[in-house]
$ cat protein.txt   # compact mmCIF, N, CA and C atoms
# COMPACT_ATOMS: atom_id res chain seq x y z
N MET Y 854 15.67 6.23 5.93
CA MET Y 854 15.18 4.93 5.58
C MET Y 854 14.38 5.08 4.29
N ALA Y 855 14.55 4.12 3.39
CA ALA Y 855 13.85 4.17 2.10
C ALA Y 855 13.37 2.77 1.71
N VAL Y 856 12.26 2.72 1.00
CA VAL Y 856 11.74 1.46 0.48
C VAL Y 856 12.39 1.23 -0.88
N GLU Y 857 13.25 0.21 -0.98
CA GLU Y 857 13.93 -0.10 -2.24
C GLU Y 857 13.02 -0.84 -3.20
N SER Y 858 12.29 -1.83 -2.69
CA SER Y 858 11.35 -2.58 -3.52
C SER Y 858 10.18 -2.99 -2.67
N PHE Y 859 9.03 -3.16 -3.33
CA PHE Y 859 7.81 -3.52 -2.62
C PHE Y 859 6.97 -4.41 -3.52
N ASN Y 860 6.56 -5.56 -3.00
CA ASN Y 860 5.68 -6.46 -3.73
C ASN Y 860 4.53 -6.86 -2.83
N SER Y 861 3.34 -6.85 -3.40
CA SER Y 861 2.15 -7.30 -2.70
C SER Y 861 1.44 -8.30 -3.59
N ASN Y 862 1.08 -9.42 -3.03
CA ASN Y 862 0.38 -10.46 -3.78
C ASN Y 862 -1.07 -10.02 -3.97
N ASN Y 863 -1.48 -9.73 -5.19
CA ASN Y 863 -2.83 -9.23 -5.45
C ASN Y 863 -3.91 -10.26 -5.11
N ALA Y 864 -3.62 -11.55 -5.27
CA ALA Y 864 -4.60 -12.59 -4.95
C ALA Y 864 -4.85 -12.66 -3.45
N ASN Y 865 -3.85 -12.32 -2.67
CA ASN Y 865 -3.97 -12.36 -1.21
C ASN Y 865 -3.47 -11.02 -0.68
N SER Y 866 -4.38 -10.15 -0.31
CA SER Y 866 -4.01 -8.78 0.06
C SER Y 866 -3.32 -8.70 1.42
N THR Y 867 -3.05 -9.84 2.05
CA THR Y 867 -2.36 -9.81 3.34
C THR Y 867 -0.93 -10.30 3.23
N SER Y 868 -0.36 -10.24 2.04
CA SER Y 868 1.01 -10.68 1.85
C SER Y 868 1.85 -9.55 1.29
N ILE Y 869 2.96 -9.26 1.97
CA ILE Y 869 3.87 -8.22 1.48
C ILE Y 869 5.30 -8.72 1.55
N ASP Y 870 6.10 -8.24 0.63
CA ASP Y 870 7.54 -8.44 0.62
C ASP Y 870 8.16 -7.11 0.21
N MET Y 871 9.09 -6.63 1.02
CA MET Y 871 9.76 -5.38 0.67
C MET Y 871 11.20 -5.41 1.12
N GLN Y 872 11.98 -4.58 0.48
CA GLN Y 872 13.39 -4.41 0.82
C GLN Y 872 13.57 -2.97 1.28
N LEU Y 873 14.07 -2.80 2.49
CA LEU Y 873 14.31 -1.46 3.04
C LEU Y 873 15.79 -1.18 3.09
N LEU Y 874 16.16 0.04 2.76
CA LEU Y 874 17.55 0.49 2.89
C LEU Y 874 17.58 1.51 4.02
N THR Y 875 18.39 1.23 5.02
CA THR Y 875 18.45 2.12 6.16
C THR Y 875 19.89 2.48 6.48
N GLN Y 876 20.07 3.67 7.01
CA GLN Y 876 21.40 4.10 7.43
C GLN Y 876 21.50 3.97 8.94
N ILE Y 877 22.53 3.29 9.39
CA ILE Y 877 22.80 3.13 10.81
C ILE Y 877 23.93 4.09 11.18
N SER Y 878 23.75 4.80 12.29
CA SER Y 878 24.79 5.70 12.79
C SER Y 878 25.18 5.27 14.20
N VAL Y 879 26.45 5.09 14.41
CA VAL Y 879 26.97 4.77 15.74
C VAL Y 879 27.72 6.01 16.21
N LYS Y 880 27.10 6.75 17.15
CA LYS Y 880 27.69 7.98 17.66
C LYS Y 880 28.49 7.66 18.92
N ASN Y 881 29.77 7.88 18.86
CA ASN Y 881 30.65 7.61 19.99
C ASN Y 881 31.02 8.93 20.65
N THR Y 882 30.49 9.16 21.84
CA THR Y 882 30.78 10.40 22.57
C THR Y 882 31.95 10.23 23.55
N ASN Y 883 32.53 9.04 23.56
CA ASN Y 883 33.63 8.74 24.47
C ASN Y 883 34.96 9.30 23.95
N PHE Y 884 35.95 9.37 24.83
CA PHE Y 884 37.28 9.85 24.45
C PHE Y 884 38.18 8.73 23.96
N GLY Y 885 37.66 7.52 23.89
CA GLY Y 885 38.38 6.39 23.33
C GLY Y 885 37.53 5.75 22.26
N HIS Y 886 38.15 4.92 21.41
CA HIS Y 886 37.37 4.30 20.34
C HIS Y 886 36.48 3.18 20.90
N PHE Y 887 35.37 2.93 20.20
CA PHE Y 887 34.37 1.95 20.62
C PHE Y 887 34.36 0.80 19.62
N LYS Y 888 34.76 -0.38 20.07
CA LYS Y 888 34.70 -1.58 19.23
C LYS Y 888 33.44 -2.34 19.62
N TYR Y 889 32.58 -2.59 18.63
CA TYR Y 889 31.33 -3.28 18.91
C TYR Y 889 31.27 -4.60 18.14
N ASP Y 890 30.53 -5.53 18.71
CA ASP Y 890 30.39 -6.87 18.15
C ASP Y 890 29.24 -6.90 17.14
N ASN Y 891 29.15 -8.04 16.40
CA ASN Y 891 28.00 -8.25 15.51
C ASN Y 891 26.71 -8.12 16.31
N SER Y 892 25.71 -7.57 15.66
CA SER Y 892 24.41 -7.41 16.29
C SER Y 892 23.33 -7.65 15.25
N THR Y 893 22.09 -7.59 15.68
CA THR Y 893 20.96 -7.82 14.77
C THR Y 893 19.99 -6.66 14.85
N LEU Y 894 19.58 -6.18 13.69
CA LEU Y 894 18.52 -5.19 13.57
C LEU Y 894 17.25 -5.97 13.26
N THR Y 895 16.22 -5.80 14.07
CA THR Y 895 14.96 -6.53 13.90
C THR Y 895 13.85 -5.55 13.56
N ILE Y 896 13.08 -5.86 12.51
CA ILE Y 896 11.90 -5.09 12.13
C ILE Y 896 10.69 -5.84 12.65
N LEU Y 897 9.79 -5.12 13.32
CA LEU Y 897 8.63 -5.74 13.97
C LEU Y 897 7.32 -5.16 13.44
N TYR Y 898 6.32 -6.02 13.31
CA TYR Y 898 4.95 -5.60 13.01
C TYR Y 898 4.08 -6.11 14.16
N ASN Y 899 3.46 -5.20 14.89
CA ASN Y 899 2.67 -5.54 16.08
C ASN Y 899 3.45 -6.45 17.04
N GLY Y 900 4.73 -6.17 17.22
CA GLY Y 900 5.56 -6.92 18.15
C GLY Y 900 6.09 -8.24 17.62
N MET Y 901 5.73 -8.60 16.38
CA MET Y 901 6.19 -9.86 15.80
C MET Y 901 7.25 -9.57 14.74
N PRO Y 902 8.39 -10.30 14.76
CA PRO Y 902 9.45 -10.02 13.79
C PRO Y 902 9.04 -10.36 12.36
N VAL Y 903 9.29 -9.42 11.45
CA VAL Y 903 9.01 -9.63 10.02
C VAL Y 903 10.27 -9.45 9.18
N GLY Y 904 11.37 -9.04 9.80
CA GLY Y 904 12.62 -8.88 9.07
C GLY Y 904 13.80 -8.72 10.01
N GLU Y 905 14.95 -9.19 9.56
CA GLU Y 905 16.18 -9.07 10.34
C GLU Y 905 17.35 -8.81 9.42
N ALA Y 906 18.32 -8.11 9.95
CA ALA Y 906 19.57 -7.86 9.22
C ALA Y 906 20.71 -7.85 10.23
N VAL Y 907 21.86 -8.29 9.78
CA VAL Y 907 23.06 -8.32 10.64
C VAL Y 907 23.76 -6.97 10.57
N ILE Y 908 24.08 -6.45 11.73
CA ILE Y 908 24.93 -5.26 11.82
C ILE Y 908 26.34 -5.81 12.07
N PRO Y 909 27.23 -5.64 11.10
CA PRO Y 909 28.57 -6.24 11.27
C PRO Y 909 29.38 -5.52 12.34
N ARG Y 910 30.26 -6.28 12.98
CA ARG Y 910 31.11 -5.68 14.00
C ARG Y 910 31.94 -4.56 13.38
N GLY Y 911 32.32 -3.62 14.21
CA GLY Y 911 33.07 -2.50 13.68
C GLY Y 911 33.68 -1.66 14.79
N ARG Y 912 34.09 -0.48 14.39
CA ARG Y 912 34.77 0.42 15.32
C ARG Y 912 34.38 1.85 15.00
N ALA Y 913 34.01 2.59 16.03
CA ALA Y 913 33.74 4.03 15.90
C ALA Y 913 34.87 4.77 16.61
N LYS Y 914 35.51 5.67 15.89
CA LYS Y 914 36.62 6.42 16.47
C LYS Y 914 36.12 7.32 17.59
N ALA Y 915 37.06 7.74 18.43
CA ALA Y 915 36.73 8.59 19.57
C ALA Y 915 36.04 9.88 19.12
N ARG Y 916 34.91 10.18 19.78
CA ARG Y 916 34.15 11.42 19.55
C ARG Y 916 33.74 11.60 18.09
N LYS Y 917 33.49 10.50 17.38
CA LYS Y 917 33.08 10.54 15.97
C LYS Y 917 31.81 9.71 15.80
N THR Y 918 31.19 9.85 14.64
CA THR Y 918 30.01 9.07 14.29
C THR Y 918 30.33 8.19 13.10
N GLN Y 919 30.13 6.90 13.25
CA GLN Y 919 30.34 5.91 12.19
C GLN Y 919 28.99 5.67 11.50
N LYS Y 920 28.92 5.87 10.17
CA LYS Y 920 27.68 5.67 9.43
C LYS Y 920 27.87 4.59 8.37
N PHE Y 921 26.84 3.76 8.20
CA PHE Y 921 26.86 2.74 7.15
C PHE Y 921 25.44 2.34 6.80
N ASN Y 922 25.25 1.79 5.61
CA ASN Y 922 23.93 1.40 5.12
C ASN Y 922 23.72 -0.10 5.29
N ILE Y 923 22.48 -0.46 5.58
CA ILE Y 923 22.09 -1.87 5.71
C ILE Y 923 20.78 -2.07 4.96
N SER Y 924 20.71 -3.17 4.21
CA SER Y 924 19.50 -3.54 3.50
C SER Y 924 18.78 -4.63 4.31
N VAL Y 925 17.49 -4.44 4.53
CA VAL Y 925 16.69 -5.37 5.35
C VAL Y 925 15.52 -5.89 4.52
N GLY Y 926 15.39 -7.20 4.47
CA GLY Y 926 14.24 -7.82 3.82
C GLY Y 926 13.11 -7.96 4.82
N VAL Y 927 11.91 -7.50 4.42
CA VAL Y 927 10.73 -7.58 5.28
C VAL Y 927 9.69 -8.42 4.56
N SER Y 928 9.16 -9.44 5.25
CA SER Y 928 8.19 -10.34 4.64
C SER Y 928 7.11 -10.69 5.64
N SER Y 929 5.86 -10.71 5.19
CA SER Y 929 4.75 -11.07 6.06
C SER Y 929 4.60 -12.58 6.18
N ASP Y 930 5.44 -13.35 5.50
CA ASP Y 930 5.38 -14.82 5.59
C ASP Y 930 5.58 -15.31 7.01
N ARG Y 931 6.27 -14.52 7.82
CA ARG Y 931 6.56 -14.93 9.19
C ARG Y 931 5.37 -14.69 10.13
N LEU Y 932 4.34 -14.00 9.64
CA LEU Y 932 3.14 -13.77 10.44
C LEU Y 932 2.17 -14.92 10.21
N SER Y 933 1.59 -15.41 11.27
CA SER Y 933 0.64 -16.52 11.12
C SER Y 933 -0.78 -16.04 11.44
N GLY Y 934 -1.60 -15.90 10.39
CA GLY Y 934 -3.00 -15.55 10.56
C GLY Y 934 -3.27 -14.19 11.19
N ASN Y 935 -2.41 -13.24 10.97
CA ASN Y 935 -2.61 -11.90 11.54
C ASN Y 935 -3.56 -11.12 10.64
N THR Y 936 -4.79 -10.92 11.10
CA THR Y 936 -5.80 -10.25 10.28
C THR Y 936 -5.62 -8.74 10.24
N ASN Y 937 -4.85 -8.17 11.16
CA ASN Y 937 -4.63 -6.72 11.17
C ASN Y 937 -3.87 -6.26 9.93
N LEU Y 938 -3.02 -7.10 9.38
CA LEU Y 938 -2.23 -6.71 8.22
C LEU Y 938 -3.13 -6.38 7.03
N GLY Y 939 -4.16 -7.18 6.81
CA GLY Y 939 -5.10 -6.91 5.72
C GLY Y 939 -5.80 -5.57 5.91
N ASN Y 940 -6.21 -5.26 7.14
CA ASN Y 940 -6.85 -3.97 7.43
C ASN Y 940 -5.88 -2.82 7.21
N ASP Y 941 -4.63 -3.00 7.66
CA ASP Y 941 -3.62 -1.95 7.47
C ASP Y 941 -3.33 -1.74 5.99
N MET Y 942 -3.26 -2.82 5.23
CA MET Y 942 -2.98 -2.69 3.80
C MET Y 942 -4.14 -1.99 3.08
N ASN Y 943 -5.37 -2.25 3.51
CA ASN Y 943 -6.53 -1.56 2.92
C ASN Y 943 -6.49 -0.07 3.24
N SER Y 944 -5.97 0.29 4.41
CA SER Y 944 -5.85 1.71 4.77
C SER Y 944 -4.60 2.33 4.17
N GLU Y 945 -3.76 1.52 3.52
CA GLU Y 945 -2.53 1.93 2.84
C GLU Y 945 -1.46 2.49 3.77
N VAL Y 946 -1.53 2.12 5.05
CA VAL Y 946 -0.52 2.53 6.02
C VAL Y 946 -0.17 1.32 6.89
N ILE Y 947 1.11 1.01 6.97
CA ILE Y 947 1.57 -0.09 7.81
C ILE Y 947 2.49 0.50 8.88
N ARG Y 948 2.17 0.20 10.14
CA ARG Y 948 2.99 0.65 11.26
C ARG Y 948 4.02 -0.43 11.59
N LEU Y 949 5.28 -0.02 11.63
CA LEU Y 949 6.36 -0.94 11.95
C LEU Y 949 7.22 -0.34 13.06
N SER Y 950 8.03 -1.18 13.66
CA SER Y 950 9.01 -0.70 14.63
C SER Y 950 10.30 -1.47 14.39
N SER Y 951 11.38 -0.94 14.92
CA SER Y 951 12.68 -1.60 14.76
C SER Y 951 13.44 -1.52 16.08
N HIS Y 952 14.30 -2.51 16.26
CA HIS Y 952 15.07 -2.61 17.49
C HIS Y 952 16.47 -3.13 17.18
N ALA Y 953 17.47 -2.53 17.81
CA ALA Y 953 18.84 -3.01 17.69
C ALA Y 953 19.59 -2.62 18.96
N LYS Y 954 20.55 -3.47 19.33
CA LYS Y 954 21.40 -3.19 20.47
C LYS Y 954 22.83 -3.53 20.10
N LEU Y 955 23.73 -2.56 20.28
CA LEU Y 955 25.16 -2.78 20.04
C LEU Y 955 25.88 -2.88 21.38
N SER Y 956 26.68 -3.91 21.51
CA SER Y 956 27.48 -4.09 22.72
C SER Y 956 28.95 -4.15 22.32
N GLY Y 957 29.78 -3.59 23.16
CA GLY Y 957 31.21 -3.61 22.87
C GLY Y 957 32.01 -3.01 24.00
N LYS Y 958 33.22 -2.56 23.64
CA LYS Y 958 34.13 -2.00 24.64
C LYS Y 958 34.69 -0.68 24.15
N VAL Y 959 34.81 0.26 25.07
CA VAL Y 959 35.49 1.52 24.81
C VAL Y 959 36.93 1.35 25.26
N HIS Y 960 37.87 1.66 24.36
CA HIS Y 960 39.30 1.52 24.64
C HIS Y 960 39.87 2.92 24.87
N LEU Y 961 40.33 3.17 26.10
CA LEU Y 961 40.92 4.45 26.46
C LEU Y 961 42.43 4.30 26.59
N MET Y 962 43.14 5.02 25.78
CA MET Y 962 44.60 5.05 25.81
C MET Y 962 45.23 3.65 25.76
N LYS Y 963 44.59 2.73 25.07
CA LYS Y 963 45.08 1.36 24.87
C LYS Y 963 45.33 0.61 26.18
N VAL Y 964 44.86 1.14 27.29
CA VAL Y 964 45.08 0.51 28.59
C VAL Y 964 43.76 0.14 29.25
N ILE Y 965 42.84 1.08 29.29
CA ILE Y 965 41.57 0.88 29.98
C ILE Y 965 40.51 0.43 28.97
N LYS Y 966 39.78 -0.63 29.32
CA LYS Y 966 38.69 -1.12 28.48
C LYS Y 966 37.42 -1.19 29.32
N LYS Y 967 36.38 -0.49 28.89
CA LYS Y 967 35.10 -0.46 29.60
C LYS Y 967 34.01 -1.02 28.69
N LYS Y 968 33.20 -1.91 29.23
CA LYS Y 968 32.07 -2.45 28.46
C LYS Y 968 30.97 -1.40 28.37
N LYS Y 969 30.46 -1.20 27.16
CA LYS Y 969 29.38 -0.24 26.92
C LYS Y 969 28.42 -0.84 25.91
N SER Y 970 27.19 -0.33 25.91
CA SER Y 970 26.21 -0.76 24.91
C SER Y 970 25.28 0.41 24.60
N GLY Y 971 24.72 0.35 23.42
CA GLY Y 971 23.75 1.34 22.98
C GLY Y 971 22.56 0.63 22.38
N GLU Y 972 21.39 1.19 22.60
CA GLU Y 972 20.17 0.55 22.13
C GLU Y 972 19.34 1.53 21.33
N MET Y 973 18.67 1.02 20.29
CA MET Y 973 17.82 1.85 19.44
C MET Y 973 16.44 1.21 19.35
N ASN Y 974 15.41 2.01 19.52
CA ASN Y 974 14.03 1.60 19.31
C ASN Y 974 13.35 2.68 18.48
N CYS Y 975 12.81 2.30 17.33
CA CYS Y 975 12.15 3.26 16.46
C CYS Y 975 10.75 2.78 16.10
N ASP Y 976 9.84 3.73 15.96
CA ASP Y 976 8.49 3.47 15.46
C ASP Y 976 8.31 4.30 14.21
N TRP Y 977 7.67 3.72 13.19
CA TRP Y 977 7.49 4.43 11.92
C TRP Y 977 6.37 3.78 11.13
N THR Y 978 5.93 4.47 10.10
CA THR Y 978 4.89 3.95 9.22
C THR Y 978 5.38 3.98 7.78
N ILE Y 979 4.81 3.09 6.98
CA ILE Y 979 5.07 3.09 5.55
C ILE Y 979 3.76 3.37 4.85
N ASN Y 980 3.76 4.41 4.04
CA ASN Y 980 2.61 4.75 3.22
C ASN Y 980 2.69 3.89 1.96
N LEU Y 981 1.77 2.95 1.80
CA LEU Y 981 1.83 2.02 0.67
C LEU Y 981 1.54 2.70 -0.66
N ALA Y 982 0.76 3.78 -0.65
CA ALA Y 982 0.44 4.49 -1.90
C ALA Y 982 1.67 5.17 -2.47
N THR Y 983 2.48 5.79 -1.60
CA THR Y 983 3.65 6.54 -2.07
C THR Y 983 4.95 5.76 -1.88
N ARG Y 984 4.89 4.63 -1.15
CA ARG Y 984 6.08 3.81 -0.84
C ARG Y 984 7.12 4.62 -0.06
N GLN Y 985 6.63 5.49 0.83
CA GLN Y 985 7.51 6.35 1.62
C GLN Y 985 7.42 6.01 3.11
N VAL Y 986 8.54 6.16 3.80
CA VAL Y 986 8.59 6.02 5.25
C VAL Y 986 8.16 7.35 5.85
N GLN Y 987 7.25 7.28 6.84
CA GLN Y 987 6.73 8.50 7.46
C GLN Y 987 6.78 8.35 8.98
N ASP Y 988 6.69 9.46 9.67
CA ASP Y 988 6.57 9.51 11.12
C ASP Y 988 7.64 8.69 11.85
N LEU Y 989 8.88 8.82 11.43
CA LEU Y 989 9.99 8.08 12.05
C LEU Y 989 10.33 8.73 13.39
N LYS Y 990 10.20 7.94 14.47
CA LYS Y 990 10.51 8.43 15.83
C LYS Y 990 11.38 7.40 16.51
N CYS Y 991 12.57 7.82 16.93
CA CYS Y 991 13.52 6.90 17.58
C CYS Y 991 13.83 7.36 18.99
N LYS Y 992 14.11 6.37 19.85
CA LYS Y 992 14.50 6.65 21.23
C LYS Y 992 15.89 6.15 21.46

$ encode --input "protein.txt" --output "structure tokens"
Amino acid sequence: MAVESFNSNNANSTSIDMQLLTQISVKNTNFGHFKYDNSTLTILYNGMPVGEAVIPRGRAKARKTQKFNISVGVSSDRLSGNTNLGNDMNSEVIRLSSHAKLSGKVHLMKVIKKKKSGEMNCDWTINLATRQVQDLKCK
């Protein structure tokens, strides 16, 4: 994950806008290909959504990993009166989390279709001084 752009309103130190570039990996451990539907990647600050991106439907081949990049816009405009953001910005560290769930079907030998889903939950911080993502931990 990388910070592509970052803007902070100097007049109001509790406003941020940034663009994140992240790589999504769909690891298919099944013996058939996995077709998944459109999904949403949500970026959260203290449990409140600050950014969303669409994960387009796709297909991961049997026993392979499908990788692709997604750009996510993150904005504090969606937060209403959250005073913690100003404190976090003064400390130059913002804690964020992300969530996504992919649902679809595993196709075995073009005959058997099983519904499957995978879920991702990550916690991470952004160092505002260096504009770097740190402490990325996913479950």

$ select_by_dssp --input "protein.txt" --residues "region 869-979 of chain Y" --states "alpha helix (DSSP H)" --output "PyMOL selection string"
chain Y and resi 937-943

$ atom_distance --input "protein.txt" --atom1 "CA of Pro902 (chain Y)" --atom2 "atom C of Gln919 (chain Y)"
25.2 Å

$ atom_distance --input "protein.txt" --atom1 "atom N of Leu897 (chain Y)" --atom2 "atom N of Lys880 (chain Y)"
21.3 Å

$ closest_residue --input "protein.txt" --among "Y:Leu955, Y:Val927, Y:Met962, Y:Val903" --to "Asn860 (chain Y)" --atoms "only C-alpha atoms"
Y:Val927

$ residues_around --input "protein.txt" --residues "Val986 (chain Y)" --least-positions-apart "2" --cutoff "8 Å" --atoms "all atoms listed in the file" --output "list in words"
Met854, Ala855, Val856, Trp977, Thr978, Ile979, Asn980, Leu981, Thr983, Arg984, Asp988 and Leu989 of chain Y

$ closest_residue --input "protein.txt" --among "Y:Asn922, Y:Lys958, Y:Ser868, Y:Val946" --to "Gln985 (chain Y)" --atoms "only C-alpha atoms"
Y:Val946

$ select_by_dssp --input "protein.txt" --residues "chain Y" --states "strand (DSSP E or B)" --output "ChimeraX atom specification"
/Y:855-861,869-880,886-889,892-898,901-908,911-913,918-928,946-961,965-980,985-991

$ atom_distance --input "protein.txt" --atom1 "atom C of Thr867 (chain Y)" --atom2 "atom C of Ser950 (chain Y)"
18.1 Å

$ residues_around --input "protein.txt" --residues "His952 (chain Y)" --least-positions-apart "5" --cutoff "8 Å" --atoms "only N, CA and C atoms" --output "PDB file with N, CA and C atoms, keeping the file's coordinate frame"
ATOM      1  N   THR Y 893      22.090  -7.590  15.680  1.00  0.00           N
ATOM      2  CA  THR Y 893      20.960  -7.820  14.770  1.00  0.00           C
ATOM      3  C   THR Y 893      19.990  -6.660  14.850  1.00  0.00           C
ATOM      4  N   LEU Y 894      19.580  -6.180  13.690  1.00  0.00           N
ATOM      5  CA  LEU Y 894      18.520  -5.190  13.570  1.00  0.00           C
ATOM      6  C   LEU Y 894      17.250  -5.970  13.260  1.00  0.00           C
ATOM      7  N   THR Y 895      16.220  -5.800  14.070  1.00  0.00           N
ATOM      8  CA  THR Y 895      14.960  -6.530  13.900  1.00  0.00           C
ATOM      9  C   THR Y 895      13.850  -5.550  13.560  1.00  0.00           C
ATOM     10  N   ILE Y 896      13.080  -5.860  12.510  1.00  0.00           N
ATOM     11  CA  ILE Y 896      11.900  -5.090  12.130  1.00  0.00           C
ATOM     12  C   ILE Y 896      10.690  -5.840  12.650  1.00  0.00           C
ATOM     13  N   LEU Y 897       9.790  -5.120  13.320  1.00  0.00           N
ATOM     14  CA  LEU Y 897       8.630  -5.740  13.970  1.00  0.00           C
ATOM     15  C   LEU Y 897       7.320  -5.160  13.440  1.00  0.00           C
ATOM     16  N   GLU Y 972      21.390   1.190  22.600  1.00  0.00           N
ATOM     17  CA  GLU Y 972      20.170   0.550  22.130  1.00  0.00           C
ATOM     18  C   GLU Y 972      19.340   1.530  21.330  1.00  0.00           C
ATOM     19  N   MET Y 973      18.670   1.020  20.290  1.00  0.00           N
ATOM     20  CA  MET Y 973      17.820   1.850  19.440  1.00  0.00           C
ATOM     21  C   MET Y 973      16.440   1.210  19.350  1.00  0.00           C
ATOM     22  N   ASN Y 974      15.410   2.010  19.520  1.00  0.00           N
ATOM     23  CA  ASN Y 974      14.030   1.600  19.310  1.00  0.00           C
ATOM     24  C   ASN Y 974      13.350   2.680  18.480  1.00  0.00           C
ATOM     25  N   CYS Y 975      12.810   2.300  17.330  1.00  0.00           N
ATOM     26  CA  CYS Y 975      12.150   3.260  16.460  1.00  0.00           C
ATOM     27  C   CYS Y 975      10.750   2.780  16.100  1.00  0.00           C
ATOM     28  N   ASP Y 976       9.840   3.730  15.960  1.00  0.00           N
ATOM     29  CA  ASP Y 976       8.490   3.470  15.460  1.00  0.00           C
ATOM     30  C   ASP Y 976       8.310   4.300  14.210  1.00  0.00           C
TER      31      ASP Y 976
END

$ residues_around --input "protein.txt" --residues "Ser892 (chain Y)" --least-positions-apart "6" --cutoff "7 Å" --atoms "only C-alpha atoms" --output "NGL selection string"
:Y and (907-909 or 954-955)

$ write_last_selection --input "protein.txt" --atoms "N, CA and C atoms" --output "JSON list (two decimals), keeping the file's coordinate frame"
[["chain", "number", "residue", "atom", "x", "y", "z"],
["Y", 907, "VAL", "N", 21.86, -8.29, 9.78],
["Y", 907, "VAL", "CA", 23.06, -8.32, 10.64],
["Y", 907, "VAL", "C", 23.76, -6.97, 10.57],
["Y", 908, "ILE", "N", 24.08, -6.45, 11.73],
["Y", 908, "ILE", "CA", 24.93, -5.26, 11.82],
["Y", 908, "ILE", "C", 26.34, -5.81, 12.07],
["Y", 909, "PRO", "N", 27.23, -5.64, 11.10],
["Y", 909, "PRO", "CA", 28.57, -6.24, 11.27],
["Y", 909, "PRO", "C", 29.38, -5.52, 12.34],
["Y", 954, "LYS", "N", 20.55, -3.47, 19.33],
["Y", 954, "LYS", "CA", 21.40, -3.19, 20.47],
["Y", 954, "LYS", "C", 22.83, -3.53, 20.10],
["Y", 955, "LEU", "N", 23.73, -2.56, 20.28],
["Y", 955, "LEU", "CA", 25.16, -2.78, 20.04],
["Y", 955, "LEU", "C", 25.88, -2.88, 21.38]]

$ closest_residue --input "protein.txt" --among "Y:Lys990, Y:Lys920, Y:Lys888, Y:Arg912" --to "Ser956 (chain Y)" --atoms "all atoms listed in the file"
Y:Lys888

$ closest_residue --input "protein.txt" --among "Y:Leu949, Y:Arg916, Y:His960, Y:Leu874" --to "Gly900 (chain Y)" --atoms "all atoms listed in the file"
Y:Leu949

$ residues_around --input "protein.txt" --residues "Ile869 (chain Y)" --least-positions-apart "3" --cutoff "5 Å" --atoms "all atoms listed in the file" --output "VMD selection string"
chain Y and resid 860 to 861 928 to 929

$ residues_around --input "protein.txt" --residues "Asn883 (chain Y)" --least-positions-apart "5" --cutoff "8 Å" --atoms "all atoms listed in the file" --output "list in words"
Lys914, Ala915, Arg916, Lys917 and Val959 of chain Y

$ closest_residue --input "protein.txt" --among "Y:Met871, Y:Ile877, Y:Asp930, Y:Gly957" --to "Phe859 (chain Y)" --atoms "only N, CA and C atoms"
Y:Met871

$ closest_residue --input "protein.txt" --among "Y:Gly911, Y:Asn937, Y:Arg931, Y:Val925" --to "Thr875 (chain Y)" --atoms "all atoms listed in the file"
Y:Val925
